[in-house]
Structures are given as C-alpha cells and as structure tokens.
$ cat my_file35.txt   # compact mmCIF, C-alpha atoms
# COMPACT_ATOMS: atom_id res chain seq x y z
CA MET R 1 157.20 107.59 41.67
CA LYS R 2 154.57 106.97 44.33
CA LYS R 3 156.99 104.76 46.24
CA LYS R 4 159.65 107.49 46.17
CA LEU R 5 157.16 110.03 47.53
CA LEU R 6 156.23 107.68 50.37
CA VAL R 7 159.89 107.13 51.21
CA ALA R 8 160.56 110.89 51.11
CA GLY R 9 157.57 111.52 53.36
CA ALA R 10 158.75 108.88 55.81
CA VAL R 11 162.23 110.41 55.89
CA ILE R 12 160.77 113.87 56.57
CA LEU R 13 158.64 112.51 59.42
CA ILE R 14 161.63 110.73 60.93
CA CYS R 15 163.70 113.92 60.72
CA LEU R 16 160.92 115.97 62.35
CA ALA R 17 160.56 113.37 65.10
CA ALA R 18 164.31 113.48 65.70
CA VAL R 19 164.28 117.28 65.87
CA MET R 20 161.33 117.29 68.30
CA ALA R 21 163.00 114.64 70.45
CA GLY R 22 166.19 116.69 70.46
CA LEU R 23 164.36 119.88 71.43
CA TYR R 24 162.47 118.06 74.18
CA GLY R 25 165.68 116.54 75.50
CA TYR R 26 167.46 119.90 75.41
CA SER R 27 164.56 121.60 77.19
CA ARG R 28 165.21 119.36 80.19
CA THR R 29 168.89 120.25 80.51
CA ASP R 30 170.21 122.69 83.11
CA HIS R 31 171.59 124.88 80.30
CA ALA R 32 168.15 125.32 78.74
CA LYS R 33 166.55 126.12 82.10
CA LYS R 34 169.24 128.69 82.92
CA LEU R 35 168.83 130.20 79.46
CA LEU R 36 165.07 130.51 80.04
CA VAL R 37 165.51 132.24 83.41
CA ASP R 38 168.18 134.56 81.99
CA GLN R 39 165.88 135.47 79.09
CA ILE R 40 163.02 136.28 81.45
CA ASN R 41 165.34 138.46 83.54
CA THR R 42 166.19 140.50 80.44
CA LEU R 43 162.49 141.27 80.00
CA ILE R 44 161.58 142.31 83.55
CA PRO R 45 163.05 144.98 85.87
CA GLY R 46 163.21 142.53 88.79
CA THR R 47 165.10 139.27 89.19
CA LEU R 48 163.64 135.77 88.86
CA SER R 49 165.39 132.64 90.12
CA ALA R 50 164.36 128.99 90.37
CA GLU R 51 166.17 125.82 91.39
CA ARG R 52 163.97 123.52 89.33
CA ILE R 53 161.98 124.06 86.12
CA ASP R 54 160.59 120.90 84.58
CA VAL R 55 158.02 120.57 81.78
CA LEU R 56 156.34 117.24 81.10
CA ALA R 57 158.34 115.51 83.82
CA ALA R 58 157.58 113.33 86.85
CA GLY R 59 153.91 113.09 85.87
CA SER R 60 153.40 116.87 85.83
CA PHE R 61 152.90 119.31 82.98
CA LEU R 62 154.88 121.93 84.91
CA TRP R 63 156.97 121.56 88.07
CA LEU R 64 158.81 124.48 89.69
CA GLU R 65 160.82 124.47 92.89
CA ASN R 66 162.19 127.29 95.04
CA LEU R 67 161.10 130.09 92.76
CA GLN R 68 161.81 133.62 93.91
CA LEU R 69 160.97 137.03 92.45
CA GLN R 70 162.82 140.11 93.70
CA ASP R 71 162.00 143.73 92.96
CA PRO R 72 164.64 146.09 91.48
CA GLN R 73 165.78 146.97 95.04
CA GLY R 74 166.52 143.31 95.80
CA ASN R 75 163.55 142.73 98.11
CA THR R 76 161.69 139.43 97.73
CA CYS R 77 158.07 140.02 96.81
CA LEU R 78 157.08 136.48 95.79
CA ALA R 79 158.51 133.04 96.56
CA PHE R 80 157.31 129.47 96.93
CA ASP R 81 158.83 126.08 97.69
CA ALA R 82 157.11 124.17 94.89
CA LEU R 83 154.44 124.46 92.19
CA ARG R 84 153.03 121.45 90.38
CA LEU R 85 150.54 121.82 87.54
CA ASN R 86 148.70 119.17 85.55
CA ILE R 87 146.39 120.09 82.68
CA ARG R 88 144.37 118.00 80.24
CA LEU R 89 145.82 119.03 76.91
CA SER R 90 143.04 117.43 74.83
CA ALA R 91 140.51 119.82 76.39
CA LEU R 92 142.18 122.73 74.58
CA PHE R 93 140.59 121.50 71.35
CA ASP R 94 137.23 122.27 73.00
CA LYS R 95 138.48 125.76 74.00
CA VAL R 96 138.76 124.70 77.63
CA LEU R 97 141.81 125.09 79.83
CA GLU R 98 141.18 122.18 82.19
CA ILE R 99 143.45 122.17 85.22
CA GLU R 100 143.39 118.70 86.70
CA ASN R 101 145.60 119.61 89.64
CA LEU R 102 147.48 122.72 90.78
CA GLN R 103 149.39 122.65 94.04
CA ILE R 104 151.47 125.51 95.44
CA ASP R 105 153.53 124.73 98.53
CA ARG R 106 154.47 127.43 101.02
CA PRO R 107 154.00 130.54 98.88
CA ARG R 108 155.20 133.78 100.48
CA VAL R 109 153.73 137.00 99.10
CA ASN R 110 155.13 140.29 100.36
CA ILE R 111 153.51 143.30 98.71
CA ALA R 112 154.68 146.81 99.55
CA ALA R 113 153.35 150.13 98.29
CA ASP R 114 155.15 153.44 98.58
CA GLY R 115 153.64 156.86 99.17
CA SER R 116 152.91 157.37 95.47
CA GLY R 117 151.04 154.07 95.19
CA ARG R 118 153.76 152.14 93.36
CA ILE R 119 153.67 148.43 94.22
CA ASN R 120 156.85 146.37 94.45
CA ILE R 121 155.57 143.30 92.62
CA MET R 122 154.48 145.45 89.65
CA ASP R 123 157.87 147.18 89.66
CA ALA R 124 159.48 143.74 89.52
CA LEU R 125 157.45 142.61 86.50
CA VAL R 126 156.72 145.73 84.47
CA ALA R 127 158.89 148.76 83.75
CA GLY R 128 157.20 152.09 84.25
CA ASP R 129 157.13 152.89 80.52
CA ASP R 130 155.64 149.47 79.74
CA ALA R 131 152.72 149.67 82.16
CA PRO R 132 149.44 149.06 80.30
CA GLU R 133 147.11 151.98 79.88
CA ASP R 134 143.64 151.81 81.38
CA ILE R 135 141.05 150.42 79.00
CA PRO R 136 138.17 152.86 78.45
CA ALA R 137 134.98 151.83 80.23
CA ASP R 138 132.99 151.93 76.96
CA ASP R 139 135.45 149.67 75.11
CA GLN R 140 133.32 146.98 73.45
CA SER R 141 136.17 145.10 71.74
CA ALA R 142 135.76 142.06 73.99
CA THR R 143 132.99 139.81 72.74
CA GLY R 144 133.15 137.12 75.42
CA ILE R 145 135.48 134.65 77.03
CA PRO R 146 137.56 132.97 74.29
CA LEU R 147 138.68 130.14 76.55
CA ASN R 148 136.83 128.60 79.45
CA VAL R 149 138.84 127.66 82.54
CA GLN R 150 137.94 124.65 84.63
CA ILE R 151 139.76 123.62 87.79
CA ARG R 152 139.24 120.10 89.05
CA LYS R 153 141.52 120.51 92.06
CA ALA R 154 143.82 123.28 93.26
CA GLY R 155 145.37 124.21 96.54
CA ILE R 156 147.68 126.57 98.39
CA LYS R 157 149.40 124.98 101.37
CA ASN R 158 151.12 126.75 104.26
CA GLY R 159 151.26 130.12 102.55
CA SER R 160 151.85 133.54 104.08
CA PHE R 161 150.89 137.04 102.99
CA ALA R 162 151.90 140.56 103.91
CA PHE R 163 150.92 143.97 102.60
CA SER R 164 152.41 147.22 103.79
CA ASP R 165 152.31 150.89 102.88
CA PRO R 166 153.70 153.91 104.73
CA ALA R 167 150.70 153.91 107.08
CA ASN R 168 149.58 150.30 107.54
CA THR R 169 150.77 146.72 107.61
CA VAL R 170 148.56 143.65 107.23
CA SER R 171 149.91 140.12 107.41
CA ALA R 172 148.68 136.55 107.67
CA ALA R 173 151.09 133.91 108.94
CA ALA R 174 149.20 130.86 107.63
CA VAL R 175 147.06 130.70 104.49
CA ASN R 176 145.55 127.45 103.20
CA ILE R 177 143.15 127.38 100.25
CA ALA R 178 141.46 124.46 98.49
CA ILE R 179 139.49 124.83 95.24
CA SER R 180 137.58 122.14 93.38
CA ASP R 181 135.03 121.84 90.56
CA ALA R 182 135.52 125.43 89.40
CA ASP R 183 134.12 126.64 86.08
CA LEU R 184 134.76 130.18 84.86
CA VAL R 185 131.83 130.33 82.41
CA GLN R 186 129.36 128.82 84.86
CA GLN R 187 130.87 130.91 87.69
CA THR R 188 130.75 127.97 90.07
CA ALA R 189 133.35 126.55 92.43
CA LYS R 190 133.87 124.89 95.78
CA ILE R 191 136.33 126.93 97.83
CA PHE R 192 137.72 126.35 101.32
CA ILE R 193 139.86 129.07 102.92
CA ASN R 194 141.65 128.91 106.26
CA ILE R 195 143.65 131.97 107.36
CA SER R 196 145.26 132.38 110.76
CA GLY R 197 147.88 134.51 112.44
CA ILE R 198 146.42 137.76 111.16
CA SER R 199 148.21 140.91 112.26
CA LEU R 200 147.20 144.55 111.70
CA SER R 201 149.28 147.57 112.56
CA ASN R 202 149.07 151.29 111.96
CA ALA R 203 152.14 153.48 111.80
CA GLY R 204 150.25 156.24 113.55
CA ASN R 205 149.65 154.02 116.56
CA SER R 206 153.21 152.74 116.87
CA PRO R 207 155.21 154.01 119.86

$ encode --input "my_file35.txt" --output "structure tokens"
Amino acid sequence: MKKKLLVAGAVILICLAAVMAGLYGYSRTDHAKKLLVDQINTLIPGTLSAERIDVLAAGSFLWLENLQLQDPQGNTCLAFDALRLNIRLSALFDKVLEIENLQIDRPRVNIAADGSGRINIMDALVAGDDAPEDIPADDQSATGIPLNVQIRKAGIKNGSFAFSDPANTVSAAAVNIAISDADLVQQTAKIFINISGISLSNAGNSP
C-alpha cells in the first residue's frame, strides 16, 4: 500500500511538472504574448502594443521591447525602446521586493492636460467611471508598509519628457537617471540625475 502511494505521488508530481513546463513554454510563444496584450487592451481605454514580451528569458525576469501606450484619441503618451528587470525572487520570502537591476532605454513620456484637468495618460489607463475615489485624510486602515522595496541598481537612459496644458509646455530632450542602494523603509538611496535640453513656453507669450 505504501509503495502504491509513493508511485501515485510520483506520478502526480510528474504530471504537475509537465503542466508547469507546458505553461512556461506556451507563455513564451507569440500567441500567448499577443493574447496578453489583447487582454490588457480590453481592460483599458487606451491601446497598448509591444514587439517583445519575455518573462524569465535571456537572464532577465522581465524583458520588454518597443512598448507603446496610446490614449483613446490615438496620441502616444508613453513609449520606450527596451525595459529589462531582474529581481531576487528569494527575497520575497522576507517581504522584500529586491530589484537587482532595472534598465529603461529611451523612454518617451508625453503628458497632456486639457482645460478641465484631465490627463491623457490617465485617460489611457483608467476609464472615467473607474477612477479611484480620494481616500479620506483620516483613514487609518493602512498600518505600515507590507513589502519593503530595495533597488540595487536602476537607470533611465536617453529619455525625454514633455508636459503641456492649454497655457504652458515644458519639455526635456535628454533625461538620464541612475539609482543605486535604495531602500524604501530606510528612505535611503544614491541618485544621479542629468537633464538637458529643457524648454519652457507659454501660450500667452506666443506670437
């Protein structure tokens, strides 16, 4: 009887391993990636597209390439050439999200606000009826940070940023940021920021 139970347990483990291997293999197919993007697009008012979505591949936990987010009017509000993320999974058992490396190449952020204060990137991600309500200032439900975040190394390379509303436009042609040894609980970090090509304009001063 004991031998039969061991054999049955071994068969179950083999079946589970086969299912997990199959799911992992399927997750890396183009069909699965397209299905994921299509599912996201059913949940947001905007449109998300990406040429590459890889999980646990090429030495990275997550690898995205040529991601683009458009608002409902078809205007691009966020795009980047590549994002590579490595995390130490074992740290999650200690309630720590430890980011070993996060690199974002050539991100382009274009935020626009209309006269009523609506922002394009929020319109792309959240429908008006789904916008979260403001949390009352005296809400004491939060009892602390449930998960610490530590960043060993992170960087933004060759980014650009623009913000515009009916009266003003602010843009930066080159944004480079490097972060290391960051700890959310300790509130410590080493941060280097280099921004150039800053432009400011006011609609009232335009000819």

$ atom_distance --input "my_file35.txt" --atom1 "CA of Ala173 in chain R" --atom2 "CA of Thr188 in chain R"
28.4 Å

$ residues_around --input "my_file35.txt" --residues "Arg152 in chain R" --least-positions-apart "5" --cutoff "7 Å" --atoms "only C-alpha atoms" --output "PyMOL selection string"
chain R and resi 99-101+180-182

$ write_last_selection --input "my_file35.txt" --atoms "C-alpha atoms" --output "PDB file, in the frame of the given file"
ATOM      1  CA  ILE R  99     143.450 122.170  85.220  1.00  0.00           C
ATOM      2  CA  GLU R 100     143.390 118.700  86.700  1.00  0.00           C
ATOM      3  CA  ASN R 101     145.600 119.610  89.640  1.00  0.00           C
ATOM      4  CA  SER R 180     137.580 122.140  93.380  1.00  0.00           C
ATOM      5  CA  ASP R 181     135.030 121.840  90.560  1.00  0.00           C
ATOM      6  CA  ALA R 182     135.520 125.430  89.400  1.00  0.00           C
TER       7      ALA R 182
END

$ atom_distance --input "my_file35.txt" --atom1 "CA of Asn110 in chain R" --atom2 "CA of Ala167 in chain R"
15.8 Å

$ atom_distance --input "my_file35.txt" --atom1 "CA of Phe93 in chain R" --atom2 "CA of Gln186 in chain R"
19.0 Å

$ residues_around --input "my_file35.txt" --residues "Ala154 in chain R" --least-positions-apart "5" --cutoff "6 Å" --atoms "all atoms listed in the file" --output "list in words"
Asn101, Leu102, Gln103, Ala178 and Ile179 of chain R

$ residues_around --input "my_file35.txt" --residues "Val96 in chain R" --least-positions-apart "2" --cutoff "10 Å" --atoms "only C-alpha atoms" --output "PyMOL selection string"
chain R and resi 88-94+98-99+146-150+183-184

$ closest_residue --input "my_file35.txt" --among "R:Thr169, R:Ser164, R:Asn194, R:Ser49" --to "Arg118 in chain R" --atoms "all atoms listed in the file"
R:Ser164

$ residues_around --input "my_file35.txt" --residues "Pro72 in chain R" --least-positions-apart "5" --cutoff "7 Å" --atoms "only C-alpha atoms" --output "list of chain:residue names"
R:Pro45, R:Gly46, R:Ala124

$ closest_residue --input "my_file35.txt" --among "R:Leu69, R:Ala112, R:Leu125, R:Leu97" --to "Ser171 in chain R" --atoms "all atoms listed in the file"
R:Ala112

$ residues_around --input "my_file35.txt" --residues "Ile195 in chain R" --least-positions-apart "2" --cutoff "12 Å" --atoms "only C-alpha atoms" --output "VMD selection string"
chain R and resid 156 to 161 171 to 178 192 to 193 197 to 199
